[in-house]
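Since the structure comes first, as structure tokens, the remarks are kept for the end.
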Amino acid sequence: EVQLLESGGGLVQPGGSLRLSCVASGFPVYNSPMTWVRQTPGKGLEWVSLIYGGHDNTYYADSVRGRFTISRDTSTNTLYLEMNSLRAEDTALYYCAKEHRTGYGSYEYWGQGTLVTVSS
Amino acid sequence: QSALTQPLSASGSPGQSVTISCIGSSSDIGAYNFVSWYQQHPGKAPKLIIYGVSSRPSGVPDRFFGSKSANTASLTVSGLQAEDEADYYCNSYAGSNTVVFGGGTKLTVL
């Protein structure tokens, strides 16, 4: 059974950093495209970042490029999102997601989310 | 990476049908047959109900129907039931390994 469990969220000041984790079970993260999606009350769902492929190809939304870094650890089967230079607008519930076999943005499995609040 | 446009709300009575639109552009919906729809109940993670424009994952009732015409995708829910009341989101592949979501539609079953 596929399961995703996020952690690492919390309250951080503007300009601060946070690292989110997503522990996966039921499948190997190295063999699957993995994505971070965030959700805010005002803006709904927003695609944040994707990692896939044997060479860990990474992709980012314009809003986070240069500040966020996605990575994965095959030894612990964990997906990460390193977030730096955080802004108030990064406040959101962050989900990790695994695509359906057909890929291309069809997210079949989601974690429960971890809340990030950026505020002074 | 502009968001797709969805109506803020939609409604229908039990047993009726309702259609939710998702308007994109020639760079996303119009360019690819990779539109997905998600249902989200309060406090829960989104649930995939349509992928590849019109395919349903196992276990999703055939009351949910997806379609696409040019730059607009649509989700039709027929035979509305109380449990269909939820937020619905569309997304589309937008090229260069990026994805764009719609702003979401709150479906109310009257």
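Each chain in the structure tokens gets a letter, A, B and so on, in the order shown; residues start at 1 in every chain, and ligands are counted from 1 in the order they appear.
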
message: Residues near Ala10 in chain B, anyone? I mean within 9 Å using only C-alpha atoms, not counting same-chain ones fewer than 2 positions away, as number ranges by chain.
response: B: 7-8, 12, 18-20, 105-109

Quick one: write out the picked residues with all heavy atoms as a CSV table (one decimal), in the first residue's frame?
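Contents of out_37.csv, freshly written:
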chain,number,residue,atom,x,y,z
B,7,PRO,N,-14.9,28.5,-12.2
B,7,PRO,CA,-15.9,29.3,-11.5
B,7,PRO,C,-15.7,29.0,-10.0
B,7,PRO,O,-15.3,27.9,-9.6
B,7,PRO,CB,-17.2,28.7,-12.0
B,7,PRO,CG,-16.9,27.3,-12.5
B,7,PRO,CD,-15.5,27.4,-13.0
B,8,LEU,N,-15.9,30.1,-9.2
B,8,LEU,CA,-15.8,29.9,-7.7
B,8,LEU,C,-16.8,28.9,-7.2
B,8,LEU,O,-16.4,28.2,-6.2
B,8,LEU,CB,-16.0,31.3,-7.1
B,8,LEU,CG,-14.8,32.3,-7.2
B,8,LEU,CD1,-15.2,33.6,-6.5
B,8,LEU,CD2,-13.6,31.7,-6.6
B,12,GLY,N,-26.3,22.3,-7.6
B,12,GLY,CA,-27.3,21.5,-8.2
B,12,GLY,C,-28.0,20.7,-7.1
B,12,GLY,O,-27.5,20.5,-6.0
B,18,VAL,N,-24.4,18.7,-13.0
B,18,VAL,CA,-23.7,20.0,-13.0
B,18,VAL,C,-22.4,19.8,-13.7
B,18,VAL,O,-21.7,18.8,-13.7
B,18,VAL,CB,-23.5,20.4,-11.5
B,18,VAL,CG1,-22.5,19.5,-10.8
B,18,VAL,CG2,-23.0,21.8,-11.5
B,19,THR,N,-22.0,20.9,-14.4
B,19,THR,CA,-20.7,20.9,-15.2
B,19,THR,C,-19.9,22.1,-14.7
B,19,THR,O,-20.3,23.2,-14.5
B,19,THR,CB,-21.0,21.1,-16.7
B,19,THR,OG1,-21.7,19.9,-17.2
B,19,THR,CG2,-19.7,21.2,-17.4
B,20,ILE,N,-18.6,21.7,-14.4
B,20,ILE,CA,-17.6,22.7,-14.0
B,20,ILE,C,-16.6,22.9,-15.1
B,20,ILE,O,-16.0,21.9,-15.6
B,20,ILE,CB,-16.9,22.2,-12.7
B,20,ILE,CG1,-17.9,22.1,-11.6
B,20,ILE,CG2,-15.8,23.2,-12.3
B,20,ILE,CD1,-17.4,21.4,-10.3
B,105,THR,N,-13.3,25.0,-7.5
B,105,THR,CA,-14.8,25.3,-7.5
B,105,THR,C,-15.4,24.6,-6.4
B,105,THR,O,-15.3,23.4,-6.2
B,105,THR,CB,-15.4,24.8,-8.9
B,105,THR,OG1,-14.8,25.5,-10.0
B,105,THR,CG2,-16.9,25.0,-8.9
B,106,LYS,N,-16.2,25.4,-5.6
B,106,LYS,CA,-17.0,24.8,-4.5
B,106,LYS,C,-18.3,24.3,-5.0
B,106,LYS,O,-19.1,25.1,-5.5
B,106,LYS,CB,-17.2,25.8,-3.4
B,106,LYS,CG,-17.9,25.2,-2.2
B,106,LYS,CD,-18.0,26.2,-1.1
B,106,LYS,CE,-18.7,25.6,0.1
B,106,LYS,NZ,-18.0,24.4,0.7
B,107,LEU,N,-18.5,23.0,-5.0
B,107,LEU,CA,-19.8,22.4,-5.5
B,107,LEU,C,-20.7,22.2,-4.3
B,107,LEU,O,-20.4,21.5,-3.3
B,107,LEU,CB,-19.6,21.1,-6.2
B,107,LEU,CG,-20.8,20.3,-6.6
B,107,LEU,CD1,-21.7,21.1,-7.6
B,107,LEU,CD2,-20.4,19.0,-7.2
B,108,THR,N,-21.9,22.8,-4.4
B,108,THR,CA,-22.9,22.7,-3.3
B,108,THR,C,-24.1,21.8,-3.8
B,108,THR,O,-24.6,22.1,-4.9
B,108,THR,CB,-23.4,24.1,-2.9
B,108,THR,OG1,-22.3,24.8,-2.4
B,108,THR,CG2,-24.5,23.9,-1.8
B,109,VAL,N,-24.4,20.8,-3.1
B,109,VAL,CA,-25.6,20.0,-3.4
B,109,VAL,C,-26.8,20.6,-2.6
B,109,VAL,O,-26.8,20.5,-1.4
B,109,VAL,CB,-25.4,18.5,-3.1
B,109,VAL,CG1,-26.6,17.7,-3.5
B,109,VAL,CG2,-24.2,18.0,-3.9

task: May I ask you to extract the residues of chain A within 9 Å of chain B, using only C-alpha atoms, and to give them as a list in words?
output: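 Only these qualify: Gly42, Lys43, Gly44, Leu45, Glu46, Trp47, Val48, Ser49, Leu50, Thr58, Tyr59, Tyr60, Ala61, Asp62, Tyr95, His100, Thr102, Gly103, Tyr104, Gly105, Ser106, Tyr107, Glu108, Tyr109, Trp110, Gly111, Gln112 and Gly113 of chain A.
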
Next, the residues of the selection above should be written as an mmCIF file, in the first residue's frame with C-alpha atoms.
data_model
loop_
_atom_site.group_PDB
_atom_site.id
_atom_site.type_symbol
_atom_site.label_atom_id
_atom_site.label_comp_id
_atom_site.auth_asym_id
_atom_site.auth_seq_id
_atom_site.Cartn_x
_atom_site.Cartn_y
_atom_site.Cartn_z
ATOM 1 C CA GLY A 42 -6.923 32.144 -1.070
ATOM 2 C CA LYS A 43 -5.140 30.596 -4.034
ATOM 3 C CA GLY A 44 -6.084 26.936 -3.933
ATOM 4 C CA LEU A 45 -3.595 24.353 -5.120
ATOM 5 C CA GLU A 46 -0.250 25.343 -6.581
ATOM 6 C CA TRP A 47 2.332 23.067 -8.180
ATOM 7 C CA VAL A 48 5.701 23.714 -6.530
ATOM 8 C CA SER A 49 8.361 21.266 -7.670
ATOM 9 C CA LEU A 50 9.047 17.941 -9.384
ATOM 10 C CA THR A 58 14.407 18.858 -10.919
ATOM 11 C CA TYR A 59 11.827 21.462 -11.907
ATOM 12 C CA TYR A 60 10.328 24.416 -10.052
ATOM 13 C CA ALA A 61 7.483 26.884 -10.220
ATOM 14 C CA ASP A 62 8.626 30.408 -11.056
ATOM 15 C CA TYR A 95 1.648 18.108 0.203
ATOM 16 C CA HIS A 100 -0.626 7.955 -11.456
ATOM 17 C CA THR A 102 0.182 7.841 -16.762
ATOM 18 C CA GLY A 103 2.056 10.765 -15.221
ATOM 19 C CA TYR A 104 1.923 14.368 -16.417
ATOM 20 C CA GLY A 105 0.325 15.876 -13.351
ATOM 21 C CA SER A 106 -2.175 13.185 -12.430
ATOM 22 C CA TYR A 107 -1.474 12.805 -8.721
ATOM 23 C CA GLU A 108 -2.943 9.557 -7.474
ATOM 24 C CA TYR A 109 -1.408 9.511 -4.002
ATOM 25 C CA TRP A 110 -1.152 12.393 -1.555
ATOM 26 C CA GLY A 111 0.158 12.772 1.955
ATOM 27 C CA GLN A 112 -1.832 14.495 4.683
ATOM 28 C CA GLY A 113 0.176 17.702 4.329
#

- request: Might you pull out every residue within 9 Å of Ser17 in chain A, with only C-alpha atoms counted and same-chain residues fewer than 2 positions away left off, and present them as a ChimeraX atom specification?
  value: /A:12-15,19,82-86

query: Expressed in Å to a single decimal, how great is the separation between CA of Tyr88 in chain B and CA of Tyr80 in chain A?
result: 27.2 Å

- request: Show which residues sit within 6 Å of range 25-27 of chain B, as number ranges by chain. Count only C-alpha atoms, and ignore same-chain residues fewer than 3 positions away.
  value: B: 30-31, 71

query: What residues in range 5-90 of chain A get the DSSP label strand (DSSP E or B)? Please answer as a PyMOL selection string.
result: chain A and resi 5-7+10-12+18-25+34-40+44-52+57-60+68-73+78-83

Go ahead and save the residues from that selection, with N, CA and C atoms, as a compact mmCIF listing (two decimals), in the first residue's frame.
# COMPACT_ATOMS: atom_id res chain seq x y z
N LEU A 5 3.96 10.42 4.09
CA LEU A 5 3.82 11.08 5.38
C LEU A 5 4.75 12.27 5.44
N GLU A 6 4.18 13.47 5.40
CA GLU A 6 4.98 14.69 5.45
C GLU A 6 5.23 15.14 6.89
N SER A 7 6.33 15.88 7.07
CA SER A 7 6.64 16.48 8.36
C SER A 7 7.59 17.65 8.12
N GLY A 10 6.05 24.28 10.19
CA GLY A 10 6.06 25.03 11.42
C GLY A 10 6.02 26.52 11.16
N LEU A 11 6.23 27.29 12.22
CA LEU A 11 6.25 28.74 12.14
C LEU A 11 7.68 29.23 11.94
N VAL A 12 7.88 30.05 10.93
CA VAL A 12 9.22 30.57 10.65
C VAL A 12 9.11 32.04 10.27
N LEU A 18 13.42 26.31 6.16
CA LEU A 18 12.71 25.15 6.70
C LEU A 18 12.96 23.99 5.75
N ARG A 19 13.04 22.77 6.27
CA ARG A 19 13.15 21.60 5.41
C ARG A 19 11.97 20.67 5.67
N LEU A 20 11.22 20.40 4.64
CA LEU A 20 10.10 19.48 4.72
C LEU A 20 10.56 18.08 4.30
N SER A 21 9.98 17.08 4.94
CA SER A 21 10.26 15.68 4.61
C SER A 21 8.98 14.97 4.24
N CYS A 22 9.10 13.97 3.41
CA CYS A 22 7.96 13.14 3.01
C CYS A 22 8.47 11.70 2.95
N VAL A 23 8.12 10.92 3.97
CA VAL A 23 8.54 9.52 4.00
C VAL A 23 7.55 8.68 3.21
N ALA A 24 8.07 7.95 2.25
CA ALA A 24 7.21 7.13 1.40
C ALA A 24 7.32 5.66 1.78
N SER A 25 6.22 4.95 1.62
CA SER A 25 6.22 3.50 1.81
C SER A 25 5.36 2.86 0.74
N MET A 34 8.25 12.48 -8.23
CA MET A 34 7.66 12.94 -6.98
C MET A 34 7.52 14.45 -7.01
N THR A 35 6.41 14.92 -6.45
CA THR A 35 6.05 16.32 -6.58
C THR A 35 5.66 16.92 -5.23
N TRP A 36 5.93 18.20 -5.07
CA TRP A 36 5.40 18.98 -3.96
C TRP A 36 4.33 19.91 -4.51
N VAL A 37 3.19 19.93 -3.83
CA VAL A 37 2.08 20.82 -4.17
C VAL A 37 1.69 21.54 -2.89
N ARG A 38 1.39 22.83 -2.98
CA ARG A 38 0.97 23.55 -1.78
C ARG A 38 -0.43 24.11 -1.95
N GLN A 39 -1.06 24.38 -0.82
CA GLN A 39 -2.44 24.86 -0.85
C GLN A 39 -2.62 25.99 0.15
N THR A 40 -3.13 27.11 -0.34
CA THR A 40 -3.47 28.24 0.50
C THR A 40 -4.97 28.50 0.39
N GLY A 44 -5.86 28.33 -3.56
CA GLY A 44 -6.08 26.94 -3.93
C GLY A 44 -4.78 26.16 -4.03
N LEU A 45 -4.76 25.21 -4.95
CA LEU A 45 -3.60 24.35 -5.12
C LEU A 45 -2.58 24.99 -6.06
N GLU A 46 -1.32 24.81 -5.74
CA GLU A 46 -0.25 25.34 -6.58
C GLU A 46 0.86 24.31 -6.71
N TRP A 47 1.22 23.97 -7.93
CA TRP A 47 2.33 23.07 -8.18
C TRP A 47 3.63 23.77 -7.79
N VAL A 48 4.49 23.09 -7.04
CA VAL A 48 5.70 23.71 -6.53
C VAL A 48 6.96 23.16 -7.20
N SER A 49 7.11 21.83 -7.18
CA SER A 49 8.36 21.27 -7.67
C SER A 49 8.22 19.79 -8.00
N LEU A 50 9.05 19.33 -8.92
CA LEU A 50 9.05 17.94 -9.38
C LEU A 50 10.47 17.41 -9.41
N ILE A 51 10.65 16.16 -9.02
CA ILE A 51 11.92 15.48 -9.20
C ILE A 51 11.64 14.13 -9.85
N TYR A 52 12.45 13.77 -10.85
CA TYR A 52 12.24 12.47 -11.48
C TYR A 52 13.50 12.07 -12.24
N ASN A 57 16.47 14.78 -12.14
CA ASN A 57 16.09 16.03 -12.81
C ASN A 57 15.08 16.77 -11.94
N THR A 58 15.28 18.08 -11.79
CA THR A 58 14.41 18.86 -10.92
C THR A 58 13.80 20.04 -11.67
N TYR A 59 12.58 20.39 -11.26
CA TYR A 59 11.83 21.46 -11.91
C TYR A 59 11.09 22.24 -10.83
N TYR A 60 10.91 23.55 -11.06
CA TYR A 60 10.33 24.42 -10.05
C TYR A 60 9.34 25.40 -10.65
N PHE A 68 13.85 27.35 -3.35
CA PHE A 68 13.50 26.00 -2.88
C PHE A 68 14.34 24.97 -3.63
N THR A 69 14.65 23.86 -2.94
CA THR A 69 15.38 22.76 -3.57
C THR A 69 14.71 21.44 -3.22
N ILE A 70 14.36 20.67 -4.23
CA ILE A 70 13.76 19.35 -4.03
C ILE A 70 14.85 18.30 -4.15
N SER A 71 14.75 17.27 -3.31
CA SER A 71 15.74 16.19 -3.38
C SER A 71 15.11 14.92 -2.82
N ARG A 72 15.82 13.81 -2.95
CA ARG A 72 15.31 12.56 -2.38
C ARG A 72 16.46 11.70 -1.90
N ASP A 73 16.19 10.88 -0.91
CA ASP A 73 17.18 10.00 -0.30
C ASP A 73 16.69 8.57 -0.47
N THR A 78 12.86 8.83 1.24
CA THR A 78 12.28 10.10 1.67
C THR A 78 12.49 11.19 0.61
N LEU A 79 11.45 11.99 0.43
CA LEU A 79 11.49 13.16 -0.43
C LEU A 79 11.65 14.39 0.46
N TYR A 80 12.42 15.37 -0.01
CA TYR A 80 12.65 16.58 0.77
C TYR A 80 12.30 17.82 -0.03
N LEU A 81 12.02 18.89 0.70
CA LEU A 81 11.91 20.23 0.11
C LEU A 81 12.60 21.19 1.05
N GLU A 82 13.76 21.67 0.60
CA GLU A 82 14.52 22.67 1.36
C GLU A 82 14.01 24.03 0.93
N MET A 83 13.55 24.82 1.89
CA MET A 83 12.95 26.13 1.58
C MET A 83 13.76 27.23 2.25

query: For Arg56 in chain B, which residue out of B:Leu75, B:Ser9, B:Gln81, B:Ser17 is the nearest one, using only C-alpha atoms?
result: B:Leu75

List the spatial neighbours of Pro41 in chain A as an mmCIF file with C-alpha atoms, in the first residue's frame - criterion: any atom at most 10 Å away, only C-alpha atoms, same-chain residues fewer than 4 positions off excluded.
data_model
loop_
_atom_site.group_PDB
_atom_site.id
_atom_site.type_symbol
_atom_site.label_atom_id
_atom_site.label_comp_id
_atom_site.auth_asym_id
_atom_site.auth_seq_id
_atom_site.Cartn_x
_atom_site.Cartn_y
_atom_site.Cartn_z
ATOM 1 C CA LEU A 45 -3.595 24.353 -5.120
ATOM 2 C CA THR A 91 2.480 30.202 3.914
ATOM 3 C CA ALA A 92 0.539 27.094 2.928
ATOM 4 C CA LEU A 93 -0.200 23.456 3.556
#

field: Nearest candidate to Gly66 in chain B (options B:Cys22, B:Glu83, B:Ser11, B:His41; using only C-alpha atoms)
entry: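 The shortest atom-to-atom distance to Gly66 in chain B comes from B:Cys22.
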
- request: Quick one: pull the distance between CA of Gly59 in chain B and CA of Gln40 in chain B, Å, one decimal.
  value: 15.8 Å

Using the chain letters and numbers from this document, which residues of chain A does DSSP assign to helix (DSSP H, G or I), as a PDB file with C-alpha atoms, in the first residue's frame?
ATOM      1  CA  VAL A  29      10.963   7.100  -4.427  1.00  0.00           C
ATOM      2  CA  TYR A  30      13.984   6.776  -6.714  1.00  0.00           C
ATOM      3  CA  ASN A  31      11.819   5.086  -9.325  1.00  0.00           C
ATOM      4  CA  ALA A  88       4.708  35.444   3.768  1.00  0.00           C
ATOM      5  CA  GLU A  89       3.225  34.212   0.506  1.00  0.00           C
ATOM      6  CA  ASP A  90       4.886  30.818   1.037  1.00  0.00           C
TER       7      ASP A  90
END

- prompt: Any idea what the distance is between CA of Thr76 in chain B and CA of Phe64 in chain B?
  reply: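 Those two atoms sit 5.9 Å apart.
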